[in-house]
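Accompanying notes for the structure given below.
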Amino acid sequence: MNNHITTIAFDADDTLWINEPYFQEAEKEFCTLLEDYLPRHSVSQELFKTEMQNLHLYGYGVKGFMLCMIETVSRVSGGTASLQLINRTIEIGRELLQKPIELLEGVTETLESLKGKYRLVVATKGDLLDQERKLRNSGLQEYFHHIEIMSYKKDSDYRKLLKHLDCQPENFLMLGNSIKSDIMPVLEIGGSAAHIPYHVTWTHEQHEHTLEHERFMELKSIDEVLNYL
């Protein structure tokens, strides 16, 4: 690992704490609600189609997910769904917003080891209020110099973050579970990146190809980064 690293950024969802399994549980319940109209796997496909159509409008996060569920109910049911079904759909989203924060193994120990040696940052996508709630409830705020909640994670977003931090790309390391969002844009701008795979990944974030790069690391767990620094 480049010994010039001074700033380390962490993705939040499914890197610091559990997230995607909660979304998948919510989607499963939602698909069951609509099985009188379509098979559950077909409802799931319709929901994903709605999410992709609206991503540029709603961005990432639970609130956009809720709106997409409601729109999918209307389309799948041909506008005949009952108010009770709509209300239950909204409730699924509200429950998702109130899920407990469960830190992933090794997170606290890793942050404790890095604290004071590097400038630590959270760089995550999602809804502002929800991500702020999760970070507050995680008990991890004390470790971080800066929190960046992004609408997207493109190379331009990372350039903006580095400019704000007054950090050169060669001094920057990003850790995350998404090759598409956490790794490739950072490598593109000249930074270093470490992939920490999570056993569940949203379809939109999946990346099928093997990645090889001199500034890229594939880790099995978050604490493995300590061996490279």
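Following the order of the structure tokens, first chain is A, next is B, and so on, with residues numbered from 1 inside each chain and ligands from 1 in the order they appear.
Using only C-alpha atoms, the residues found no farther than 8 Å from Leu161 (chain A), other than those of its own chain fewer than 4 positions away, are A:Glu148, A:Asp157, A:Leu165.
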Considering only strand (DSSP E) as DSSP defines it on the backbone, what residues of region 30-208 of chain A qualify? List them as a ChimeraX atom specification. /A:119-125,146-150,172-176,192-195
Those of region 8-55 of chain A in DSSP alpha helix (DSSP H), formatted as an MDAnalysis selection string: chainID A and resid 20:33 40:55
Just the residues within 9 Å of Glu71 (chain A), please, counting only C-alpha atoms, with nothing from its chain fewer than 5 positions along; format it as a ChimeraX atom specification. /A:47,50,66,76
Shell of 12 Å around Asp36 (chain A), only C-alpha atoms, local chain residues under 6 positions omitted, as a PyMOL selection string: chain A and resi 30+42-43+73+76-77+80-81+85
How about saving the chosen residues, N, CA, C and O atoms kept, as a CSV table (one decimal), in the first residue's frame?
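As a result, part.csv now contains:
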```csv
chain,number,residue,atom,x,y,z
A,30,PHE,N,-43.0,-6.6,0.5
A,30,PHE,CA,-43.7,-5.8,-0.5
A,30,PHE,C,-44.2,-6.7,-1.6
A,30,PHE,O,-45.4,-6.6,-2.1
A,42,SER,N,-41.9,-11.4,-10.3
A,42,SER,CA,-42.3,-10.4,-11.3
A,42,SER,C,-42.5,-9.0,-10.7
A,42,SER,O,-42.1,-8.0,-11.2
A,43,VAL,N,-43.1,-9.0,-9.4
A,43,VAL,CA,-43.2,-7.7,-8.7
A,43,VAL,C,-41.8,-7.2,-8.4
A,43,VAL,O,-41.6,-5.9,-8.6
A,73,VAL,N,-47.0,-0.2,-7.0
A,73,VAL,CA,-48.4,-0.7,-6.6
A,73,VAL,C,-49.4,-0.2,-7.6
A,73,VAL,O,-50.2,-0.9,-8.1
A,76,VAL,N,-48.8,-1.9,-11.2
A,76,VAL,CA,-49.0,-3.4,-11.2
A,76,VAL,C,-50.5,-3.7,-11.0
A,76,VAL,O,-51.1,-4.6,-11.6
A,77,SER,N,-51.2,-2.8,-10.2
A,77,SER,CA,-52.6,-3.1,-9.9
A,77,SER,C,-53.5,-2.4,-11.0
A,77,SER,O,-54.7,-2.5,-10.9
A,80,THR,N,-56.0,0.0,-9.3
A,80,THR,CA,-57.1,-0.5,-8.5
A,80,THR,C,-56.8,-0.8,-7.1
A,80,THR,O,-57.6,-1.3,-6.3
A,81,ALA,N,-55.5,-0.7,-6.7
A,81,ALA,CA,-55.1,-1.1,-5.3
A,81,ALA,C,-55.8,-0.3,-4.3
A,81,ALA,O,-56.1,0.9,-4.4
A,85,LEU,N,-53.7,-1.2,1.1
A,85,LEU,CA,-52.5,-1.7,0.5
A,85,LEU,C,-51.4,-0.6,0.4
A,85,LEU,O,-50.3,-0.8,0.7
```
So which residues touch Asp13 (chain A) within 10 Å, counting only C-alpha atoms, skipping near sequence neighbours fewer than 4 positions away, as a PDB file with N, CA and C atoms, in the first residue's frame?
```pdb
ATOM      1  N   TRP A  17     -21.928  -0.835   8.710  1.00  0.00           N
ATOM      2  CA  TRP A  17     -23.084  -1.465   9.355  1.00  0.00           C
ATOM      3  C   TRP A  17     -23.972  -2.147   8.321  1.00  0.00           C
ATOM      4  N   ILE A  18     -24.862  -2.999   8.818  1.00  0.00           N
ATOM      5  CA  ILE A  18     -25.779  -3.766   7.966  1.00  0.00           C
ATOM      6  C   ILE A  18     -26.837  -2.850   7.358  1.00  0.00           C
ATOM      7  N   ASN A  19     -27.108  -3.034   6.068  1.00  0.00           N
ATOM      8  CA  ASN A  19     -28.121  -2.234   5.397  1.00  0.00           C
ATOM      9  C   ASN A  19     -28.923  -3.030   4.377  1.00  0.00           C
ATOM     10  N   GLU A  20     -28.256  -3.597   3.357  1.00  0.00           N
ATOM     11  CA  GLU A  20     -28.958  -4.243   2.250  1.00  0.00           C
ATOM     12  C   GLU A  20     -29.875  -5.376   2.696  1.00  0.00           C
ATOM     13  N   LEU A 103     -23.403  -2.872  13.789  1.00  0.00           N
ATOM     14  CA  LEU A 103     -22.074  -2.713  13.213  1.00  0.00           C
ATOM     15  C   LEU A 103     -21.548  -4.046  12.715  1.00  0.00           C
ATOM     16  N   LEU A 104     -20.794  -4.001  11.620  1.00  0.00           N
ATOM     17  CA  LEU A 104     -20.174  -5.201  11.093  1.00  0.00           C
ATOM     18  C   LEU A 104     -18.924  -5.543  11.909  1.00  0.00           C
ATOM     19  N   THR A 124     -20.554   8.402   1.837  1.00  0.00           N
ATOM     20  CA  THR A 124     -21.634   7.458   1.573  1.00  0.00           C
ATOM     21  C   THR A 124     -22.747   8.098   0.767  1.00  0.00           C
ATOM     22  N   LYS A 125     -23.529   7.273   0.089  1.00  0.00           N
ATOM     23  CA  LYS A 125     -24.720   7.733  -0.617  1.00  0.00           C
ATOM     24  C   LYS A 125     -25.931   7.565   0.294  1.00  0.00           C
ATOM     25  N   GLY A 126     -27.045   8.161  -0.134  1.00  0.00           N
ATOM     26  CA  GLY A 126     -28.294   7.922   0.585  1.00  0.00           C
ATOM     27  C   GLY A 126     -29.010   9.186   0.983  1.00  0.00           C
ATOM     28  N   GLN A 131     -29.149   8.844   6.793  1.00  0.00           N
ATOM     29  CA  GLN A 131     -27.739   8.541   7.017  1.00  0.00           C
ATOM     30  C   GLN A 131     -27.220   9.247   8.277  1.00  0.00           C
ATOM     31  N   LYS A 134     -28.421   7.126  11.169  1.00  0.00           N
ATOM     32  CA  LYS A 134     -27.662   5.886  11.318  1.00  0.00           C
ATOM     33  C   LYS A 134     -26.279   6.146  11.904  1.00  0.00           C
ATOM     34  N   GLY A 176     -14.837   0.255   0.697  1.00  0.00           N
ATOM     35  CA  GLY A 176     -16.267   0.066   0.526  1.00  0.00           C
ATOM     36  C   GLY A 176     -16.605  -1.292  -0.056  1.00  0.00           C
ATOM     37  N   ASN A 177     -17.895  -1.594  -0.090  1.00  0.00           N
ATOM     38  CA  ASN A 177     -18.354  -2.905  -0.551  1.00  0.00           C
ATOM     39  C   ASN A 177     -18.809  -2.912  -2.004  1.00  0.00           C
ATOM     40  N   SER A 178     -18.832  -1.750  -2.648  1.00  0.00           N
ATOM     41  CA  SER A 178     -19.305  -1.669  -4.026  1.00  0.00           C
ATOM     42  C   SER A 178     -18.160  -1.315  -4.977  1.00  0.00           C
TER      43      SER A 178
END
```
Can you tell me, as a PyMOL selection string, what residues are no more than 12 Å from Gly190 (chain A) when counting only C-alpha atoms, ignoring any on the same chain fewer than 6 positions away? chain A and resi 2+155+158-159+162+167-174+183-184+213-216
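Of the residues listed (A:Lys28, A:Lys220, A:Lys99, A:Arg75), A:Lys99 shows the shortest atom-to-atom separation from Ser138 (chain A); distances use only C-alpha atoms.
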Using only C-alpha atoms, which of the listed residues (A:Ile196, A:Ile5, A:Ile86, A:Ala26) sits closest to Glu105 (chain A)?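 Closest candidate: A:Ile196.
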